[in-house]
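Trainee: For reference, the file final-v6.cif (mmCIF, C-alpha atoms (C1' of nucleotides)) is included below:
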```cif
data_start
loop_
_atom_site.label_atom_id
_atom_site.label_comp_id
_atom_site.auth_asym_id
_atom_site.auth_seq_id
_atom_site.Cartn_x
_atom_site.Cartn_y
_atom_site.Cartn_z
CA MET A 554 1.05 35.03 -53.67
CA THR A 555 3.51 37.42 -52.07
CA ASN A 556 6.74 38.66 -53.59
CA GLY A 557 9.40 36.07 -52.99
CA ASP A 558 12.22 38.51 -53.65
CA GLY A 559 13.87 40.76 -51.11
CA SER A 560 11.67 43.80 -51.56
CA GLY A 561 8.74 44.60 -49.26
CA LEU A 562 8.82 45.98 -45.74
CA ARG A 563 9.01 42.56 -44.09
CA ALA A 564 12.23 41.49 -45.77
CA ARG A 565 13.84 44.93 -45.50
CA THR A 566 13.33 45.33 -41.78
CA ARG A 567 14.50 41.79 -41.30
CA ARG A 568 17.78 42.52 -43.08
CA ALA A 569 18.19 45.72 -41.08
CA VAL A 570 17.65 44.00 -37.75
CA ARG A 571 20.06 41.27 -38.75
CA ALA A 572 22.76 43.75 -39.67
CA GLU A 573 22.15 45.68 -36.46
CA LEU A 574 22.48 42.51 -34.42
CA ALA A 575 25.70 41.53 -36.17
CA ALA A 576 27.23 44.97 -35.65
CA THR A 577 26.22 45.04 -32.00
CA ALA A 578 27.58 41.54 -31.41
CA ILE A 579 30.90 42.27 -33.11
CA GLY A 580 31.27 45.48 -31.15
CA LEU A 581 30.75 43.68 -27.86
CA PHE A 582 33.02 40.80 -28.86
CA VAL A 583 35.87 43.16 -29.72
CA GLU A 584 35.30 45.15 -26.55
CA ARG A 585 34.93 42.38 -23.95
CA GLY A 586 35.94 39.22 -25.76
CA PHE A 587 33.75 36.51 -27.22
CA ASP A 588 33.43 34.30 -24.16
CA ASP A 589 32.68 37.18 -21.82
CA THR A 590 29.78 38.34 -23.97
CA THR A 591 26.51 36.47 -23.54
CA VAL A 592 23.69 36.32 -26.03
CA ASP A 593 21.61 38.17 -23.45
CA ASP A 594 24.11 41.04 -23.60
CA ILE A 595 23.90 41.22 -27.37
CA ALA A 596 20.12 41.00 -27.47
CA ALA A 597 19.72 43.62 -24.76
CA ALA A 598 22.17 45.99 -26.45
CA ALA A 599 20.34 45.60 -29.75
CA GLY A 600 16.92 45.97 -28.13
CA VAL A 601 15.50 42.56 -28.93
CA SER A 602 14.83 39.50 -26.85
CA ARG A 603 17.30 36.69 -26.45
CA ARG A 604 14.84 34.41 -28.23
CA SER A 605 14.73 36.67 -31.26
CA PHE A 606 18.51 36.67 -31.58
CA PHE A 607 18.38 32.97 -32.33
CA ARG A 608 15.75 33.62 -35.00
CA TYR A 609 18.33 35.67 -36.89
CA PHE A 610 21.43 33.60 -36.17
CA PRO A 611 21.57 29.89 -35.43
CA SER A 612 24.43 30.41 -33.00
CA LYS A 613 26.46 33.10 -31.29
CA GLU A 614 29.38 32.54 -33.68
CA ASP A 615 27.17 33.12 -36.71
CA ALA A 616 26.70 36.75 -35.73
CA VAL A 617 30.28 37.11 -36.98
CA PHE A 618 30.17 34.82 -40.02
CA GLY A 619 26.58 35.32 -41.07
CA ASP A 620 27.18 36.32 -44.69
CA ALA A 621 29.78 33.68 -45.44
CA GLU A 622 27.32 31.58 -47.43
CA ASP A 623 26.45 34.49 -49.72
CA VAL A 624 30.09 35.16 -50.40
CA ALA A 625 30.74 31.48 -51.07
CA GLY A 626 27.93 31.37 -53.59
CA ARG A 627 29.07 34.47 -55.41
CA VAL A 628 32.68 33.33 -55.55
CA ALA A 629 31.50 30.01 -56.97
CA ASP A 630 29.50 31.94 -59.57
CA ALA A 631 32.61 33.93 -60.43
CA VAL A 632 34.44 30.68 -61.09
CA THR A 633 31.66 29.54 -63.41
CA ALA A 634 31.78 32.87 -65.24
CA ARG A 635 35.48 32.63 -66.15
CA PRO A 636 36.44 31.94 -69.80
CA ALA A 637 35.84 28.31 -70.69
CA GLY A 638 39.33 27.46 -71.90
CA GLU A 639 41.19 29.00 -68.97
CA PRO A 640 43.36 26.56 -66.99
CA PRO A 641 41.79 25.80 -63.57
CA TRP A 642 44.67 27.19 -61.57
CA GLU A 643 44.63 30.49 -63.43
CA CYS A 644 40.89 30.62 -62.95
CA LEU A 645 41.27 30.28 -59.17
CA ARG A 646 44.06 32.81 -59.11
CA ALA A 647 42.00 35.37 -60.99
CA VAL A 648 38.87 34.84 -58.92
CA LEU A 649 40.66 35.06 -55.58
CA HIS A 650 42.51 38.13 -56.77
CA ASP A 651 39.23 39.82 -57.71
CA TRP A 652 37.62 38.88 -54.41
CA ARG A 653 40.39 40.01 -52.12
CA GLU A 654 38.86 43.43 -51.61
CA PRO A 655 35.19 42.46 -51.21
CA ILE A 656 36.11 39.85 -48.60
CA ARG A 657 38.28 42.28 -46.73
CA ALA A 658 35.58 44.94 -46.86
CA ALA A 659 33.13 42.59 -45.19
CA HIS A 660 35.45 42.40 -42.17
CA PRO A 661 36.87 45.89 -41.97
CA ASP A 662 37.97 45.79 -38.35
CA PRO A 663 41.51 44.42 -37.86
CA ALA A 664 40.67 43.93 -34.19
CA LEU A 665 38.02 41.47 -35.30
CA LEU A 666 40.57 39.47 -37.25
CA ARG A 667 42.79 39.29 -34.18
CA LEU A 668 39.78 38.25 -32.11
CA ILE A 669 38.97 35.43 -34.49
CA GLU A 670 42.57 34.28 -34.42
CA THR A 671 42.61 34.12 -30.63
CA THR A 672 39.14 32.68 -29.97
CA PRO A 673 38.94 28.91 -30.41
CA ALA A 674 35.19 28.88 -31.02
CA LEU A 675 35.50 31.50 -33.77
CA ARG A 676 38.49 29.81 -35.37
CA ALA A 677 36.56 26.56 -35.48
CA ARG A 678 33.58 28.20 -37.12
CA LEU A 679 35.77 30.00 -39.59
CA HIS A 680 37.40 26.75 -40.64
CA VAL A 681 34.04 25.12 -41.20
CA LYS A 682 32.83 28.04 -43.32
CA ARG A 683 36.07 27.99 -45.23
CA GLU A 684 35.68 24.29 -45.97
CA GLN A 685 32.08 24.76 -47.12
CA MET A 686 33.26 27.51 -49.43
CA ARG A 687 36.03 25.29 -50.78
CA GLU A 688 33.51 22.55 -51.54
CA ARG A 689 31.28 24.92 -53.47
CA ILE A 690 34.20 26.26 -55.45
CA ALA A 691 35.46 22.75 -56.15
CA ALA A 692 32.01 21.84 -57.47
CA ALA A 693 31.97 24.93 -59.71
CA LEU A 694 35.45 24.14 -60.97
CA LEU A 695 34.46 20.55 -61.65
CA ALA A 696 31.41 21.70 -63.61
CA ARG A 697 33.67 23.72 -65.92
CA GLY A 698 35.16 20.42 -67.08
CA GLY A 699 38.73 19.56 -67.93
CA LEU A 700 39.61 17.98 -64.58
CA ASP A 701 38.50 15.23 -62.19
CA ALA A 702 37.16 15.49 -58.66
CA PHE A 703 40.55 14.68 -57.17
CA THR A 704 42.21 17.54 -58.99
CA ALA A 705 39.38 19.93 -58.18
CA ASP A 706 39.79 19.13 -54.47
CA LEU A 707 43.54 19.45 -54.70
CA LEU A 708 43.55 22.80 -56.50
CA THR A 709 40.88 24.42 -54.34
CA GLY A 710 42.67 23.22 -51.22
CA ALA A 711 45.97 24.57 -52.51
CA ALA A 712 44.32 27.87 -53.41
CA GLY A 713 43.05 28.11 -49.83
CA ALA A 714 46.56 27.44 -48.57
CA ALA A 715 47.90 30.19 -50.83
CA LEU A 716 45.31 32.63 -49.51
CA ASP A 717 46.04 31.67 -45.91
CA ALA A 718 49.78 32.03 -46.32
CA ALA A 719 49.33 35.45 -47.95
CA ASN A 720 46.97 36.57 -45.20
CA ARG A 721 49.29 35.42 -42.44
CA ALA A 722 52.31 37.12 -43.97
CA TRP A 723 50.26 40.26 -44.45
CA LEU A 724 49.11 40.23 -40.82
CA ARG A 725 52.69 39.56 -39.64
CA SER A 726 53.84 42.66 -41.51
CA ASP A 727 50.99 44.68 -39.99
CA GLY A 728 49.73 45.50 -43.46
CA ALA A 729 53.04 46.80 -44.72
CA LEU A 730 53.47 44.17 -47.45
CA ASP A 731 51.42 44.16 -50.62
CA HIS A 732 48.69 41.59 -50.20
CA ALA A 733 48.06 41.16 -53.92
CA GLU A 734 51.72 40.49 -54.58
CA LEU A 735 51.95 37.98 -51.76
CA LEU A 736 48.96 36.13 -53.16
CA ASP A 737 50.52 36.15 -56.58
CA ARG A 738 53.80 34.77 -55.29
CA ALA A 739 51.93 31.97 -53.51
CA PHE A 740 49.96 31.05 -56.62
CA THR A 741 53.05 31.07 -58.78
CA ALA A 742 54.98 28.85 -56.37
CA LEU A 743 52.23 26.24 -56.29
CA ARG A 744 51.33 26.27 -59.98
CA PRO A 745 50.68 22.60 -60.80
CA GLN A 746 53.06 20.86 -63.19
CA SER A 747 51.63 19.71 -66.51
CA MET B 44 60.25 13.86 -5.40
CA THR B 45 58.03 11.52 -7.36
CA ASN B 46 58.68 10.19 -10.83
CA GLY B 47 57.56 12.70 -13.38
CA ASP B 48 57.59 10.18 -16.18
CA GLY B 49 54.70 7.96 -17.19
CA SER B 50 55.56 4.95 -15.01
CA GLY B 51 53.91 4.29 -11.67
CA LEU B 52 50.43 3.05 -10.95
CA ARG B 53 48.89 6.52 -10.87
CA ALA B 54 49.85 7.46 -14.40
CA ARG B 55 49.14 4.01 -15.80
CA THR B 56 45.60 3.78 -14.48
CA ARG B 57 45.01 7.31 -15.63
CA ARG B 58 46.01 6.40 -19.16
CA ALA B 59 43.88 3.27 -19.01
CA VAL B 60 40.79 5.14 -17.85
CA ARG B 61 41.34 7.75 -20.52
CA ALA B 62 41.59 5.14 -23.25
CA GLU B 63 38.53 3.35 -21.89
CA LEU B 64 36.56 6.60 -21.91
CA ALA B 65 37.61 7.39 -25.46
CA ALA B 66 36.68 3.92 -26.69
CA THR B 67 33.32 4.02 -24.91
CA ALA B 68 32.56 7.47 -26.27
CA ILE B 69 33.49 6.57 -29.85
CA GLY B 70 31.40 3.42 -29.65
CA LEU B 71 28.36 5.35 -28.51
CA PHE B 72 28.93 8.13 -31.06
CA VAL B 73 29.09 5.64 -33.92
CA GLU B 74 26.06 3.78 -32.62
CA ARG B 75 23.68 6.66 -31.82
CA GLY B 76 25.33 9.70 -33.31
CA PHE B 77 27.30 12.43 -31.61
CA ASP B 78 24.44 14.75 -30.72
CA ASP B 79 22.24 11.99 -29.37
CA THR B 80 24.93 10.86 -26.95
CA THR B 81 25.27 12.85 -23.74
CA VAL B 82 28.32 13.00 -21.53
CA ASP B 83 26.18 11.34 -18.88
CA ASP B 84 25.71 8.38 -21.22
CA ILE B 85 29.45 8.06 -21.81
CA ALA B 86 30.35 8.42 -18.17
CA ALA B 87 27.71 5.92 -17.06
CA ALA B 88 28.77 3.40 -19.72
CA ALA B 89 32.39 3.74 -18.66
CA GLY B 90 31.54 3.57 -14.96
CA VAL B 91 32.72 7.00 -13.90
CA SER B 92 30.93 10.16 -12.93
CA ARG B 93 30.07 12.90 -15.37
CA ARG B 94 32.42 15.21 -13.48
CA SER B 95 35.34 12.83 -13.90
CA PHE B 96 34.83 12.66 -17.66
CA PHE B 97 35.68 16.35 -17.86
CA ARG B 98 38.84 15.70 -15.85
CA TYR B 99 40.07 13.47 -18.67
CA PHE B 100 38.76 15.45 -21.64
CA PRO B 101 38.10 19.18 -21.77
CA SER B 102 35.11 18.65 -24.03
CA LYS B 103 32.94 15.95 -25.51
CA GLU B 104 34.65 16.33 -28.88
CA ASP B 105 38.06 15.71 -27.38
CA ALA B 106 37.10 12.15 -26.55
CA VAL B 107 37.54 11.60 -30.29
CA PHE B 108 40.60 13.78 -30.95
CA GLY B 109 42.37 13.39 -27.62
CA ASP B 110 45.74 12.23 -28.95
CA ALA B 111 46.01 14.74 -31.76
CA GLU B 112 48.55 16.84 -29.88
CA ASP B 113 50.87 13.88 -29.39
CA VAL B 114 50.70 13.03 -33.07
CA ALA B 115 51.36 16.65 -34.02
CA GLY B 116 54.44 16.76 -31.82
CA ARG B 117 55.85 13.56 -33.21
CA VAL B 118 55.23 14.55 -36.80
CA ALA B 119 57.01 17.83 -36.12
CA ASP B 120 59.90 15.86 -34.64
CA ALA B 121 59.98 13.72 -37.77
CA VAL B 122 60.34 16.89 -39.84
CA THR B 123 63.26 18.01 -37.70
CA ALA B 124 64.89 14.60 -38.06
CA ARG B 125 64.99 14.65 -41.87
CA PRO B 126 68.34 15.15 -43.65
CA ALA B 127 69.47 18.75 -43.42
CA GLY B 128 69.93 19.40 -47.13
CA GLU B 129 66.59 17.95 -48.23
CA PRO B 130 64.27 20.38 -50.02
CA PRO B 131 61.31 21.36 -47.80
CA TRP B 132 58.68 19.96 -50.11
CA GLU B 133 60.39 16.57 -50.32
CA CYS B 134 60.72 16.62 -46.54
CA LEU B 135 56.98 17.12 -46.11
CA ARG B 136 56.21 14.49 -48.70
CA ALA B 137 58.42 11.93 -46.99
CA VAL B 138 57.10 12.67 -43.49
CA LEU B 139 53.46 12.54 -44.50
CA HIS B 140 54.09 9.35 -46.42
CA ASP B 141 55.67 7.74 -43.36
CA TRP B 142 52.86 8.88 -41.11
CA ARG B 143 49.96 7.77 -43.27
CA GLU B 144 49.72 4.42 -41.50
CA PRO B 145 50.18 5.52 -37.88
CA ILE B 146 47.52 8.20 -38.33
CA ARG B 147 45.13 5.78 -39.95
CA ALA B 148 45.79 3.21 -37.20
CA ALA B 149 44.75 5.73 -34.57
CA HIS B 150 41.32 5.96 -36.18
CA PRO B 151 40.73 2.43 -37.39
CA ASP B 152 36.96 2.63 -37.70
CA PRO B 153 35.77 3.89 -41.10
CA ALA B 154 32.39 4.53 -39.52
CA LEU B 155 34.12 7.05 -37.28
CA LEU B 156 35.51 8.89 -40.29
CA ARG B 157 32.03 9.08 -41.78
CA LEU B 158 30.71 10.32 -38.45
CA ILE B 159 33.31 13.07 -38.29
CA GLU B 160 32.47 14.11 -41.86
CA THR B 161 28.78 14.40 -41.09
CA THR B 162 28.92 15.99 -37.62
CA PRO B 163 29.52 19.75 -37.67
CA ALA B 164 30.92 19.87 -34.14
CA LEU B 165 33.46 17.16 -34.93
CA ARG B 166 34.43 18.67 -38.26
CA ALA B 167 35.05 21.98 -36.56
CA ARG B 168 37.24 20.38 -33.92
CA LEU B 169 39.11 18.41 -36.52
CA HIS B 170 39.88 21.56 -38.48
CA VAL B 171 41.22 23.28 -35.39
CA LYS B 172 43.45 20.33 -34.53
CA ARG B 173 44.60 20.18 -38.11
CA GLU B 174 45.55 23.83 -38.06
CA GLN B 175 47.43 23.48 -34.78
CA MET B 176 49.35 20.60 -36.31
CA ARG B 177 50.13 22.65 -39.39
CA GLU B 178 51.52 25.44 -37.24
CA ARG B 179 53.81 23.08 -35.38
CA ILE B 180 55.06 21.54 -38.59
CA ALA B 181 55.58 24.97 -40.13
CA ALA B 182 57.66 25.95 -37.09
CA ALA B 183 59.75 22.78 -37.40
CA LEU B 184 60.23 23.38 -41.11
CA LEU B 185 61.24 26.96 -40.45
CA ALA B 186 63.78 25.83 -37.85
CA ARG B 187 65.47 23.64 -40.47
CA GLY B 188 66.37 26.80 -42.32
CA GLY B 189 66.45 27.50 -46.03
CA LEU B 190 63.05 29.19 -46.22
CA ASP B 191 61.08 32.09 -44.76
CA ALA B 192 57.91 32.05 -42.67
CA PHE B 193 55.74 32.80 -45.69
CA THR B 194 57.06 29.80 -47.59
CA ALA B 195 56.79 27.54 -44.54
CA ASP B 196 53.12 28.51 -44.15
CA LEU B 197 52.51 28.03 -47.85
CA LEU B 198 54.14 24.62 -48.10
CA THR B 199 52.57 23.19 -44.95
CA GLY B 200 49.18 24.45 -46.07
CA ALA B 201 49.65 22.93 -49.50
CA ALA B 202 50.78 19.66 -47.95
CA GLY B 203 47.58 19.62 -45.91
CA ALA B 204 45.59 20.22 -49.09
CA ALA B 205 47.39 17.33 -50.76
CA LEU B 206 46.59 15.05 -47.84
CA ASP B 207 42.96 16.14 -47.80
CA ALA B 208 42.52 15.62 -51.53
CA ALA B 209 44.09 12.17 -51.30
CA ASN B 210 41.88 11.25 -48.33
CA ARG B 211 38.73 12.44 -50.07
CA ALA B 212 39.50 10.57 -53.26
CA TRP B 213 40.29 7.49 -51.21
CA LEU B 214 37.01 7.71 -49.31
CA ARG B 215 35.10 8.31 -52.56
CA SER B 216 36.55 5.09 -53.97
CA ASP B 217 35.63 3.22 -50.76
CA GLY B 218 39.25 2.33 -50.24
CA ALA B 219 39.71 0.84 -53.71
CA LEU B 220 42.37 3.32 -54.82
CA ASP B 221 45.91 3.26 -53.50
CA HIS B 222 46.19 5.95 -50.87
CA ALA B 223 49.97 6.23 -51.09
CA GLU B 224 49.84 6.73 -54.83
CA LEU B 225 47.11 9.36 -54.54
CA LEU B 226 49.21 11.26 -52.04
CA ASP B 227 52.21 11.02 -54.31
CA ARG B 228 50.27 12.34 -57.27
CA ALA B 229 49.05 15.28 -55.19
CA PHE B 230 52.54 16.13 -54.00
CA THR B 231 53.95 15.89 -57.48
CA ALA B 232 51.27 18.14 -58.93
CA LEU B 233 51.89 20.86 -56.35
CA ARG B 234 55.67 20.68 -56.29
CA PRO B 235 56.75 24.33 -56.03
CA GLN B 236 58.60 25.87 -58.93
CA SER B 237 62.18 26.92 -58.32
"C1'" DC C 867 53.11 -0.49 9.74
"C1'" DT C 868 51.69 4.43 10.52
"C1'" DC C 869 51.19 9.04 9.30
"C1'" DC C 870 50.95 12.55 5.98
"C1'" DT C 871 50.39 14.69 1.59
"C1'" DA C 872 49.00 14.82 -3.09
"C1'" DA C 873 45.95 13.15 -6.38
"C1'" DA C 874 41.64 11.22 -7.96
"C1'" DT C 875 36.79 10.96 -7.46
"C1'" DG C 876 31.74 12.06 -6.93
"C1'" DG C 877 28.22 15.14 -6.01
"C1'" DC C 878 26.16 19.59 -6.15
"C1'" DA C 879 25.06 24.03 -7.82
"C1'" DC C 880 25.65 27.31 -11.20
"C1'" DT C 881 26.14 29.79 -15.96
"C1'" DC C 882 25.14 29.82 -20.55
"C1'" DA C 883 23.97 28.14 -25.40
"C1'" DG C 884 20.33 26.46 -27.90
"C1'" DT C 885 15.34 24.63 -28.68
"C1'" DG C 886 10.27 23.82 -28.40
"C1'" DC C 887 6.09 25.73 -27.31
"C1'" DC C 888 2.58 29.13 -26.72
"C1'" DA C 889 0.29 33.45 -26.58
"C1'" DC C 890 0.15 37.90 -28.67
"C1'" DA C 891 0.86 41.76 -31.99
"C1'" DA C 892 1.58 43.60 -36.56
"C1'" DA C 893 1.39 43.22 -41.54
"C1'" DC C 894 -0.95 41.73 -45.51
"C1'" DA C 895 -4.52 39.64 -48.78
"C1'" DG C 896 -9.23 38.95 -49.75
"C1'" DC D 777 -13.35 44.19 -41.70
"C1'" DT D 778 -11.61 39.24 -41.35
"C1'" DG D 779 -8.68 35.46 -41.64
"C1'" DT D 780 -3.87 34.25 -42.35
"C1'" DT D 781 0.84 34.72 -42.25
"C1'" DT D 782 4.95 36.43 -39.99
"C1'" DG D 783 7.58 38.29 -36.22
"C1'" DT D 784 8.14 38.69 -31.27
"C1'" DG D 785 8.69 37.83 -26.19
"C1'" DG D 786 8.39 34.81 -22.42
"C1'" DC D 787 8.92 30.48 -20.33
"C1'" DA D 788 10.62 26.02 -19.45
"C1'" DC D 789 13.71 22.55 -20.61
"C1'" DT D 790 18.06 19.90 -22.11
"C1'" DG D 791 22.85 19.58 -22.14
"C1'" DA D 792 27.84 21.25 -22.04
"C1'" DG D 793 31.16 22.93 -19.12
"C1'" DT D 794 33.04 24.90 -14.46
"C1'" DG D 795 33.90 25.86 -9.47
"C1'" DC D 796 33.75 24.10 -5.05
"C1'" DC D 797 33.92 20.81 -1.36
"C1'" DA D 798 33.97 16.51 1.04
"C1'" DT D 799 35.72 11.84 0.69
"C1'" DT D 800 38.72 8.29 -0.65
"C1'" DT D 801 43.09 6.31 -2.08
"C1'" DA D 802 47.91 5.91 -3.77
"C1'" DG D 803 52.57 6.37 -2.47
"C1'" DG D 804 56.33 8.37 0.04
"C1'" DA D 805 58.67 9.48 4.82
"C1'" DG D 806 59.42 8.16 9.40
#
```
Mind turning this structure into structure tokens?
Mentor:
Amino acid sequence: MTNGDGSGLRARTRRAVRAELAATAIGLFVERGFDDTTVDDIAAAAGVSRRSFFRYFPSKEDAVFGDAEDVAGRVADAVTARPAGEPPWECLRAVLHDWREPIRAAHPDPALLRLIETTPALRARLHVKREQMRERIAAALLARGGLDAFTADLLTGAAGAALDAANRAWLRSDGALDHAELLDRAFTALRPQS
Amino acid sequence: MTNGDGSGLRARTRRAVRAELAATAIGLFVERGFDDTTVDDIAAAAGVSRRSFFRYFPSKEDAVFGDAEDVAGRVADAVTARPAGEPPWECLRAVLHDWREPIRAAHPDPALLRLIETTPALRARLHVKREQMRERIAAALLARGGLDAFTADLLTGAAGAALDAANRAWLRSDGALDHAELLDRAFTALRPQS
DNA sequence: CTCCTAAATGGCACTCAGTGCCACAAACAG
DNA sequence: CTGTTTGTGGCACTGAGTGCCATTTAGGAG
């Protein structure tokens, strides 16, 4: 029996190659645009074969959004870890507030954000990942008890809308506005009535 | 100068062929699944060439969502047409309430809804269309005055979340629950504070 | 009706994403 | 060392989407 965890040379090199591929792909996307970059380009620039690229990422888009599932899982865990009696909306507000920085750090390049905004294929993938994340968070919220599935869907959807509105306003201001305060304003405005 | 409007044999046959293609495509998608239906299959079943299919729809997915832009435009117009003094949130609630039926009528087959839910490519396209619609509605809401861009984004996003939550609960109940009442509950819960 | 132009069509060739298959090399367990 | 597992590259194939061209057809001008 081998070690199932992430130690060992096999798993480590695999993670390194994956990160290298993602960085190379993002660099090329930002430089030439998503559609004008082929998988062959990425693979060649990273020194692997085209076939191997698809062993690390199921699609070209996933080179950008590869770690989204990990983040979704950890955010869901953060929801579960909140105090039991906390109202659901406050729980979501606190968790999203805590995860603003980690999420931003995973996509440090503002040019990448612009690229995603202007590339239909990337926007589509982002929306799908976002929805998968929302479902996981809704499930975690539901497991905490105190609400039904309808309310869990509603609150997680509204929290996503709050985050989106804050992000858009922040991008419009070119980073001049305070992101945390924008998010707070959004959450306060949408706080559910009784 | 020819007639730019939609009358005339040219435009009418074009609309007819487009509708025929969409119906054929949806039928095949529901029957065999989206991925197991090729554009060749659709074109052959509708009696046109593969090349002509792409003259009516820019992609295979658009055979399902082809009229989304029209709907988005008309919903935005409905927002503009609401009484001037009406609070934004009530405006959105009223417009979405009025458009529940027309939107449902455009996708009458529940099997199609299930198919969209379970097909990644269709879900992705749906999310993109949804977001485009939200942007148009946000612009219309903004043009009414009385709010800033941040609030317009926030309210339209929240309205979308309300609609999604109502739709999901309605699908979960297999149509047993009252969709209008679910939507109303969602809007009431998220009504923004002062 | 005839001629002319604009639009619609079909066919072909091409690029590129994504997959299945196979042969080969490196790591690892015994 | 030996068998097994895991990663890799190469190849061929399907299918979406696009550019180009030759042909047909609708609809307006004379």
Trainee: Give as a ChimeraX atom specification each residue that has an atom at most 10 Å from (49.3, 27.9, -51.9) in the file, counting all atoms listed in the file.
Mentor: /A:708-719,736-744 /B:194,196-202,204,233,235
Trainee: For the contact check between chain C and stretch 788-793 of chain D, emit one row per residue of chain C within 10 Å, containing the shortest atom pair and the distance in Å rounded to one decimal, counting all atoms listed in the file, chain then rising number order, as JSON lines.
Mentor:
```
{"residue": "C:DT881", "atom": "C1'", "partner": "D:DG793", "partner_atom": "C1'", "distance": 9.1}
{"residue": "C:DC882", "atom": "C1'", "partner": "D:DA792", "partner_atom": "C1'", "distance": 9.1}
{"residue": "C:DA883", "atom": "C1'", "partner": "D:DA792", "partner_atom": "C1'", "distance": 8.6}
{"residue": "C:DG884", "atom": "C1'", "partner": "D:DT790", "partner_atom": "C1'", "distance": 9.0}
{"residue": "C:DT885", "atom": "C1'", "partner": "D:DC789", "partner_atom": "C1'", "distance": 8.5}
{"residue": "C:DG886", "atom": "C1'", "partner": "D:DC789", "partner_atom": "C1'", "distance": 8.6}
{"residue": "C:DC887", "atom": "C1'", "partner": "D:DA788", "partner_atom": "C1'", "distance": 9.1}
```
Trainee: What would the selection look like, as a PyMOL selection string, if the PyMOL selection byres ((chain B and resi 149-164) around 12) were run on the coordinates I just shared?
Mentor: (chain A and resi 674+677-678+680-682+684-685) or (chain B and resi 62+65-66+68-79+102-105+107-111+113-114+142-148+165-171+210-211+213-215+217-218)
Trainee: Could you tell me, as a list in words, exactly which residues end up selected when the PyMOL selection byres ((chain D and resi 786) around 10) is applied to this structure?
Mentor: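 For this structure, the PyMOL selection byres ((chain D and resi 786) around 10) resolves to Ser602, Arg603 and Arg604 of chain A; DC888 and DA889 of chain C; DT784, DG785, DC787 and DA788 of chain D.
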Trainee: Using all atoms listed in the file, which protein or nucleic acid residues come within 12 Å of C:DA874? Drop anything in the same chain fewer than 3 positions from it, and give the result as a PyMOL selection string.
Mentor: (chain B and resi 53-54+56-57+60+91-92+94-96+98-99) or (chain D and resi 799-802)
Trainee: Report, in Å with one decimal, the straight-line distance from atom CA of A:Ala629 to atom CA of A:Glu734.
Mentor: 22.9 Å
Trainee: How far is it from atom CA of A:Ala696 to atom CA of B:Leu220, in Å with one decimal?
Mentor: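 Here the two named atoms are 23.1 Å from each other.
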Trainee: Grab the atom CA of B:Ala192 to atom CA of B:Pro126 distance for me, in Å with one decimal place.
Mentor: 19.9 Å
Trainee: For chain C against chain B, which residues fall within 9 Å using only C-alpha atoms (C1' of nucleotides), given as a ChimeraX atom specification?
Mentor: /C:873-877
Trainee: For a cut-off of 10 Å around (25.7, 20.8, -8.8), file coordinates, pick out all residues using only C-alpha atoms (C1' of nucleotides) and list them as a list in words.
Mentor: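 Protein, DNA and RNA residues close to (25.7, 20.8, -8.8): Arg94 of chain B; DG877, DC878, DA879 and DC880 of chain C; DG795 and DC796 of chain D.
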Trainee: Point out the residue among A:Leu700, A:Ala634, A:Thr577, A:Ala596 with the least atom-to-atom distance to chain D, counting only C-alpha atoms (C1' of nucleotides).
Mentor: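 Selected residue with least distance to chain D: A:Ala596.
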Trainee: Name the closest residue to chain D among the candidates B:Phe97, B:Ala59, B:Asp84, B:Ala223; distances are taken between atoms, counting all atoms listed in the file.
Mentor: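 Of all the options, B:Phe97 lies closest to chain D.
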Trainee: Env of B:Gly116: 10 Å cut, atoms = all atoms listed in the file, seq-sep filter 3 positions within chain, self excluded. Answer as a list in words.
Mentor: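 The residues satisfying every condition are Ala111, Glu112, Asp113, Ala119, Asp120, Ala121, Val122, Met176, Arg179, Ile180 and Ala183 of chain B.
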Trainee: Would you save the residues of that selection, restricted to C-alpha atoms, as a compact mmCIF listing (two decimals), keeping the file's coordinate frame?
Mentor:
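Saved to part_35.txt:
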```
# COMPACT_ATOMS: atom_id res chain seq x y z
CA ALA B 111 46.01 14.74 -31.76
CA GLU B 112 48.55 16.84 -29.88
CA ASP B 113 50.87 13.88 -29.39
CA ALA B 119 57.01 17.83 -36.12
CA ASP B 120 59.90 15.86 -34.64
CA ALA B 121 59.98 13.72 -37.77
CA VAL B 122 60.34 16.89 -39.84
CA MET B 176 49.35 20.60 -36.31
CA ARG B 179 53.81 23.08 -35.38
CA ILE B 180 55.06 21.54 -38.59
CA ALA B 183 59.75 22.78 -37.40
```
Trainee: Write out N, CA and C atoms for stretch 94-98 of chain B, as a PDB file, in the frame of the given file.
Mentor:
```pdb
ATOM      1  N   ARG B  94      31.389  14.233 -13.835  1.00  0.00           N
ATOM      2  CA  ARG B  94      32.420  15.210 -13.480  1.00  0.00           C
ATOM      3  C   ARG B  94      33.817  14.688 -13.812  1.00  0.00           C
ATOM      4  N   SER B  95      34.022  13.400 -13.627  1.00  0.00           N
ATOM      5  CA  SER B  95      35.340  12.830 -13.900  1.00  0.00           C
ATOM      6  C   SER B  95      35.634  12.813 -15.402  1.00  0.00           C
ATOM      7  N   PHE B  96      34.593  12.627 -16.211  1.00  0.00           N
ATOM      8  CA  PHE B  96      34.830  12.660 -17.660  1.00  0.00           C
ATOM      9  C   PHE B  96      35.544  13.943 -18.036  1.00  0.00           C
ATOM     10  N   PHE B  97      35.093  15.056 -17.493  1.00  0.00           N
ATOM     11  CA  PHE B  97      35.680  16.350 -17.860  1.00  0.00           C
ATOM     12  C   PHE B  97      37.053  16.556 -17.228  1.00  0.00           C
ATOM     13  N   ARG B  98      37.463  15.634 -16.340  1.00  0.00           N
ATOM     14  CA  ARG B  98      38.840  15.700 -15.850  1.00  0.00           C
ATOM     15  C   ARG B  98      39.786  15.008 -16.812  1.00  0.00           C
TER      16      ARG B  98
END
```
